[in-house]
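Trainee: Pasting target_17.csv below, which is CSV, C-alpha atoms.
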```
chain,number,residue,atom,x,y,z
A,132,MET,CA,6.8,-2.6,-12.0
A,133,ILE,CA,10.1,-0.6,-11.8
A,134,HIS,CA,11.0,2.0,-9.2
A,135,GLU,CA,13.4,4.9,-9.9
A,136,LEU,CA,15.2,6.5,-7.0
A,137,ARG,CA,16.7,9.9,-7.9
A,138,ILE,CA,19.2,11.4,-5.5
A,139,TYR,CA,20.3,14.9,-6.0
A,140,THR,CA,23.2,16.6,-4.2
A,141,LEU,CA,22.5,20.3,-4.1
A,142,TRP,CA,24.8,23.2,-3.6
A,143,PRO,CA,24.9,24.1,0.1
A,144,GLY,CA,21.9,25.9,1.4
A,145,LYS,CA,19.7,25.2,-1.6
A,146,VAL,CA,17.4,22.5,-0.1
A,147,PRO,CA,14.5,24.9,0.9
A,148,GLU,CA,14.5,26.6,-2.5
A,149,PHE,CA,14.6,23.3,-4.3
A,150,LEU,CA,11.7,21.8,-2.2
A,151,LYS,CA,9.6,24.9,-2.8
A,152,LEU,CA,10.0,24.6,-6.6
A,153,ALA,CA,9.3,20.8,-6.4
A,154,GLU,CA,6.1,21.4,-4.5
A,155,GLU,CA,4.7,24.4,-6.3
A,156,ARG,CA,5.9,23.5,-9.9
A,157,ALA,CA,7.2,20.0,-10.4
A,158,MET,CA,4.5,18.1,-8.6
A,159,VAL,CA,1.8,20.3,-10.1
A,160,ILE,CA,3.1,19.8,-13.6
A,161,ARG,CA,3.8,16.1,-13.3
A,162,GLY,CA,0.8,14.9,-11.4
A,163,ASP,CA,0.5,11.2,-12.1
A,164,ASN,CA,0.9,11.7,-15.8
A,165,TYR,CA,4.6,10.9,-15.9
A,166,GLY,CA,5.0,8.2,-13.3
A,167,THR,CA,3.7,8.0,-9.8
A,168,CYS,CA,5.6,9.7,-6.9
A,169,GLU,CA,6.2,7.2,-4.1
A,170,GLY,CA,8.1,9.5,-1.8
A,171,TYR,CA,10.0,12.8,-1.5
A,172,TRP,CA,12.7,13.2,1.2
A,173,PHE,CA,15.7,15.3,2.2
A,174,THR,CA,18.7,14.6,4.4
A,175,GLU,CA,19.5,16.1,7.7
A,176,PHE,CA,22.1,13.6,8.7
A,177,GLY,CA,25.2,12.2,7.0
A,178,THR,CA,25.7,13.7,3.6
A,179,LEU,CA,23.8,17.0,3.7
A,180,ASN,CA,22.1,19.0,1.0
A,181,GLN,CA,20.6,15.9,-0.6
A,182,ILE,CA,17.1,15.3,-2.0
A,183,ALA,CA,15.8,11.8,-2.7
A,184,HIS,CA,12.6,11.1,-4.6
A,185,MET,CA,11.1,7.8,-5.8
A,186,TRP,CA,8.9,7.2,-8.8
A,187,SER,CA,7.1,4.1,-10.0
A,188,TYR,CA,6.5,3.0,-13.6
A,189,ASP,CA,4.9,0.0,-15.3
A,190,ASP,CA,8.3,-1.1,-16.7
A,191,LEU,CA,11.4,0.4,-18.3
A,192,ASN,CA,9.7,1.1,-21.5
A,193,HIS,CA,7.0,3.1,-19.7
A,194,ARG,CA,9.6,5.1,-17.9
A,195,GLN,CA,11.4,5.9,-21.1
A,196,GLU,CA,8.2,6.9,-22.8
A,197,VAL,CA,6.8,9.2,-20.1
A,198,ARG,CA,10.2,10.8,-19.4
A,199,ALA,CA,10.6,11.6,-23.1
A,200,ARG,CA,7.2,13.3,-23.0
A,201,LEU,CA,8.0,15.2,-19.8
A,202,GLY,CA,11.2,16.4,-21.4
A,203,GLN,CA,9.2,18.0,-24.2
A,204,ASN,CA,6.6,19.7,-21.9
A,205,PRO,CA,7.2,23.4,-22.3
A,206,GLU,CA,5.8,24.2,-18.9
A,207,TRP,CA,8.3,21.6,-17.3
A,208,ILE,CA,11.2,23.0,-19.2
A,209,LYS,CA,10.5,26.7,-18.5
A,210,ASP,CA,8.9,26.7,-15.1
A,211,TYR,CA,10.8,23.9,-13.4
A,212,ALA,CA,13.8,22.4,-15.0
A,213,SER,CA,15.5,25.7,-15.9
A,214,GLN,CA,14.9,26.9,-12.3
A,215,VAL,CA,16.3,24.0,-10.5
A,216,ARG,CA,19.2,23.1,-12.7
A,217,PRO,CA,21.5,25.8,-11.1
A,218,LEU,CA,20.7,24.4,-7.7
A,219,ILE,CA,21.9,20.8,-8.4
A,220,ARG,CA,25.6,19.8,-8.1
A,221,ARG,CA,25.2,16.1,-8.8
A,222,GLN,CA,22.6,13.6,-9.8
A,223,GLN,CA,22.4,9.8,-9.1
A,224,ILE,CA,19.7,7.4,-10.3
A,225,ARG,CA,18.9,3.9,-9.2
A,226,LEU,CA,16.5,1.7,-11.3
A,227,MET,CA,15.1,-0.9,-8.9
A,228,HIS,CA,12.8,-3.9,-9.0
A,229,PRO,CA,10.5,-4.0,-5.9
A,230,GLN,CA,10.5,-7.3,-4.1
A,231,LEU,CA,7.6,-6.5,-1.9
A,232,ASP,CA,4.6,-4.1,-2.2
A,233,MET,CA,5.5,-0.7,-0.8
A,234,GLN,CA,3.9,0.2,2.5
A,235,THR,CA,2.7,3.5,3.8
A,236,PRO,CA,3.0,4.4,7.5
A,237,LEU,CA,0.2,5.8,9.6
A,238,GLY,CA,0.3,9.5,10.5
A,239,ASP,CA,3.0,12.1,9.8
A,240,GLY,CA,6.3,13.1,11.2
A,241,HIS,CA,8.5,10.1,10.6
A,242,VAL,CA,12.2,9.4,10.0
A,243,TYR,CA,13.0,7.1,7.1
A,244,GLU,CA,16.1,5.0,6.7
A,245,TYR,CA,17.1,3.8,3.3
A,246,ARG,CA,19.8,1.1,3.5
A,247,TYR,CA,21.6,-0.1,0.4
A,248,TYR,CA,24.1,-3.0,0.3
A,249,GLN,CA,26.5,-4.2,-2.4
A,250,THR,CA,26.5,-8.0,-2.4
A,251,LYS,CA,29.2,-10.2,-3.7
A,252,MET,CA,28.7,-11.0,-7.4
A,253,GLY,CA,25.8,-13.3,-8.0
A,254,LEU,CA,24.6,-13.3,-4.4
A,255,ALA,CA,21.9,-10.5,-4.5
A,256,ALA,CA,19.1,-13.0,-5.3
A,257,PRO,CA,19.9,-15.5,-2.5
A,258,TRP,CA,20.4,-12.7,0.0
A,259,LEU,CA,17.0,-11.2,-1.0
A,260,GLN,CA,15.4,-14.6,-0.6
A,261,GLY,CA,16.8,-15.0,2.9
A,262,PHE,CA,15.9,-11.4,3.8
A,263,LYS,CA,12.3,-11.8,2.7
A,264,GLY,CA,12.1,-15.0,4.7
A,265,VAL,CA,13.2,-13.2,7.9
A,266,MET,CA,11.0,-10.2,7.2
A,267,PRO,CA,8.2,-11.3,9.7
A,268,VAL,CA,10.9,-11.4,12.4
A,269,ARG,CA,12.3,-8.0,11.5
A,270,GLU,CA,8.9,-6.3,11.2
A,271,LYS,CA,8.0,-7.3,14.8
A,272,TYR,CA,10.2,-4.3,15.7
A,273,SER,CA,9.4,-1.6,13.1
A,274,GLN,CA,7.6,-1.2,9.7
A,275,ASN,CA,9.2,-1.9,6.4
A,276,ILE,CA,8.4,0.4,3.6
A,277,GLY,CA,10.0,-1.5,0.7
A,278,VAL,CA,12.7,-3.9,-0.5
A,279,TRP,CA,14.5,-3.7,-3.9
A,280,HIS,CA,17.0,-5.3,-6.2
A,281,THR,CA,18.8,-2.7,-8.2
A,282,GLU,CA,18.8,-3.1,-12.0
A,283,ALA,CA,21.2,-0.2,-12.6
A,284,GLU,CA,23.6,1.4,-11.7
A,285,ASN,CA,24.8,-1.6,-9.7
A,286,PRO,CA,23.2,-5.0,-10.5
A,287,ASN,CA,24.7,-6.5,-7.3
A,288,GLU,CA,22.9,-4.1,-5.0
A,289,VAL,CA,20.0,-4.7,-2.7
A,290,SER,CA,18.2,-2.1,-0.7
A,291,HIS,CA,15.4,-1.6,1.9
A,292,MET,CA,13.6,1.2,3.6
A,293,TRP,CA,12.3,1.4,7.2
A,294,VAL,CA,10.3,4.0,9.0
A,295,TYR,CA,10.6,5.2,12.6
A,296,ASP,CA,8.8,7.7,14.9
A,297,ASP,CA,12.1,9.5,15.5
A,298,LEU,CA,15.8,8.8,15.9
A,299,ASN,CA,15.3,7.6,19.5
A,300,HIS,CA,12.8,5.0,18.3
A,301,ARG,CA,15.3,3.9,15.6
A,302,ALA,CA,18.0,3.4,18.2
A,303,GLU,CA,15.6,1.4,20.5
A,304,VAL,CA,14.4,-0.8,17.6
A,305,ARG,CA,17.9,-1.6,16.3
A,306,ALA,CA,19.1,-2.5,19.8
A,307,LYS,CA,16.1,-4.9,20.3
A,308,PHE,CA,16.1,-6.8,17.0
A,309,ALA,CA,19.9,-7.2,17.1
A,310,THR,CA,19.5,-9.7,19.9
A,311,ASP,CA,16.6,-11.7,18.3
A,312,PRO,CA,17.8,-15.3,17.8
A,313,ASP,CA,16.1,-15.6,14.4
A,314,TRP,CA,17.7,-12.4,13.2
A,315,GLN,CA,21.1,-13.6,14.4
A,316,ALA,CA,20.5,-16.8,12.5
A,317,PHE,CA,19.8,-14.8,9.4
A,318,LEU,CA,23.0,-12.8,9.8
A,319,LYS,CA,25.0,-15.9,10.4
A,320,GLU,CA,23.8,-17.5,7.1
A,321,TYR,CA,23.6,-14.5,4.9
A,322,GLY,CA,25.9,-11.8,6.4
A,323,GLY,CA,28.8,-13.1,4.3
A,324,HIS,CA,27.0,-12.3,1.1
A,325,LEU,CA,27.6,-8.6,1.6
A,326,GLU,CA,30.6,-6.5,0.7
A,327,VAL,CA,29.5,-2.9,1.5
A,328,MET,CA,26.7,-1.5,3.6
A,329,GLU,CA,25.5,2.1,3.4
A,330,ASN,CA,22.5,4.1,4.5
A,331,MET,CA,20.6,7.4,4.3
A,332,LEU,CA,18.5,8.9,7.0
A,333,LEU,CA,15.7,10.8,5.3
A,334,MET,CA,13.1,13.4,6.4
A,335,PRO,CA,9.9,13.5,4.3
A,336,ALA,CA,9.0,16.7,2.5
A,337,ALA,CA,5.7,18.4,3.3
A,338,PHE,CA,4.3,17.2,0.0
A,339,SER,CA,5.6,13.7,0.1
A,340,PRO,CA,3.1,10.9,-0.4
A,341,ARG,CA,4.8,9.1,2.5
A,342,LYS,CA,5.3,11.4,5.5
```
Produce structure tokens that represent the structure in this file.

Mentor:
Amino acid sequence: MIHELRIYTLWPGKVPEFLKLAEERAMVIRGDNYGTCEGYWFTEFGTLNQIAHMWSYDDLNHRQEVRARLGQNPEWIKDYASQVRPLIRRQQIRLMHPQLDMQTPLGDGHVYEYRYYQTKMGLAAPWLQGFKGVMPVREKYSQNIGVWHTEAENPNEVSHMWVYDDLNHRAEVRAKFATDPDWQAFLKEYGGHLEVMENMLLMPAAFSPRK
């Protein structure tokens, strides 16, 4: 299994237009025939005018095959790609190996946090091993959605996604688990593996499989 996270930075003010095209054209044309959509989000905090959407494929060969077919679909080219291209200023792609099965939260109206860390060279695998070991401790406080090891663009990157009821819930949760002795022990042993830590706070689109 391989997951692809696509992050688009749009021109200011173009998020509503992009999401409308994605819901009414892209999702209808693609269905599950060209990979499975795992989530569709947009930013309202930090870097604005961004769209993030995640797709799953059997492997890299499957991704290459279905994307080649999608790129030759006349409906996709005419009714979607040509319409959204002027809205997009920049594209980023992460190809990631899931380390745990992705989870789906109950209900709607959540805030998602995607956290991505650059580890020191060669330390992604041991950090992930430690992180998965401490996961039962961390999940006492909020639900994990997924954990990944990036294949490309950065092979020393790890990432994970969490879901909260709202921003107040996120603040409460992070304050609580920060004092957990088992979590502090994990940080003491594995915190030195990291060089850069970044995050994205994401709102689910109305048509996202995970809301």

Trainee: Which residues are close to His291 in chain A, i.e. within 12 Å by all atoms listed in the file, leaving aside same-chain residues fewer than 5 positions away? Reply as a PDB file with C-alpha atoms, in the coordinates of the input.

Mentor:
```
ATOM      1  CA  MET A 227      15.100  -0.900  -8.900  1.00  0.00           C
ATOM      2  CA  HIS A 228      12.800  -3.900  -9.000  1.00  0.00           C
ATOM      3  CA  PRO A 229      10.500  -4.000  -5.900  1.00  0.00           C
ATOM      4  CA  GLN A 230      10.500  -7.300  -4.100  1.00  0.00           C
ATOM      5  CA  LEU A 231       7.600  -6.500  -1.900  1.00  0.00           C
ATOM      6  CA  ASP A 232       4.600  -4.100  -2.200  1.00  0.00           C
ATOM      7  CA  MET A 233       5.500  -0.700  -0.800  1.00  0.00           C
ATOM      8  CA  GLN A 234       3.900   0.200   2.500  1.00  0.00           C
ATOM      9  CA  TYR A 243      13.000   7.100   7.100  1.00  0.00           C
ATOM     10  CA  GLU A 244      16.100   5.000   6.700  1.00  0.00           C
ATOM     11  CA  TYR A 245      17.100   3.800   3.300  1.00  0.00           C
ATOM     12  CA  ARG A 246      19.800   1.100   3.500  1.00  0.00           C
ATOM     13  CA  TYR A 247      21.600  -0.100   0.400  1.00  0.00           C
ATOM     14  CA  TYR A 248      24.100  -3.000   0.300  1.00  0.00           C
ATOM     15  CA  LEU A 259      17.000 -11.200  -1.000  1.00  0.00           C
ATOM     16  CA  PHE A 262      15.900 -11.400   3.800  1.00  0.00           C
ATOM     17  CA  LYS A 263      12.300 -11.800   2.700  1.00  0.00           C
ATOM     18  CA  MET A 266      11.000 -10.200   7.200  1.00  0.00           C
ATOM     19  CA  ARG A 269      12.300  -8.000  11.500  1.00  0.00           C
ATOM     20  CA  GLN A 274       7.600  -1.200   9.700  1.00  0.00           C
ATOM     21  CA  ASN A 275       9.200  -1.900   6.400  1.00  0.00           C
ATOM     22  CA  ILE A 276       8.400   0.400   3.600  1.00  0.00           C
ATOM     23  CA  GLY A 277      10.000  -1.500   0.700  1.00  0.00           C
ATOM     24  CA  VAL A 278      12.700  -3.900  -0.500  1.00  0.00           C
ATOM     25  CA  TRP A 279      14.500  -3.700  -3.900  1.00  0.00           C
ATOM     26  CA  HIS A 280      17.000  -5.300  -6.200  1.00  0.00           C
ATOM     27  CA  THR A 281      18.800  -2.700  -8.200  1.00  0.00           C
ATOM     28  CA  MET A 328      26.700  -1.500   3.600  1.00  0.00           C
ATOM     29  CA  GLU A 329      25.500   2.100   3.400  1.00  0.00           C
ATOM     30  CA  ASN A 330      22.500   4.100   4.500  1.00  0.00           C
ATOM     31  CA  MET A 331      20.600   7.400   4.300  1.00  0.00           C
TER      32      MET A 331
END
```

Trainee: From the list A:Ser213, A:Ser187, A:Gln260, A:Ser273, which residue is nearest His241 in chain A when using all atoms listed in the file?

Mentor: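 Comparing A:Ser213, A:Ser187, A:Gln260, A:Ser273 against His241 in chain A, the winner is A:Ser273.
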
Trainee: Would you mind listing what lies within 12 Å of range 296-301 of chain A as number ranges by chain, with all atoms listed in the file counted and same-chain residues fewer than 5 positions away left out?

Mentor: A: 175-176, 236-244, 272-274, 306-308, 332-334, 342

Trainee: Which residues, written as a ChimeraX atom specification, have at least one atom at most 10 Å from Arg137 in chain A, with all atoms listed in the file counted and residues fewer than 3 positions away on the same chain left out?

Mentor: /A:134,171,182-186,222-226

Trainee: Please, what distance in Å, to one decimal, runs between CA of Glu148 in chain A and CA of Ala336 in chain A?

Mentor: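 Rounded to one decimal, the two atoms are 12.4 Å apart.
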
Trainee: Find, counting all atoms listed in the file, the residue in A:Asp210, A:Glu196, A:Asp313, A:Glu135 that gets nearest to Ile160 in chain A.

Mentor: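 Closest to Ile160 in chain A of all the choices is A:Asp210.
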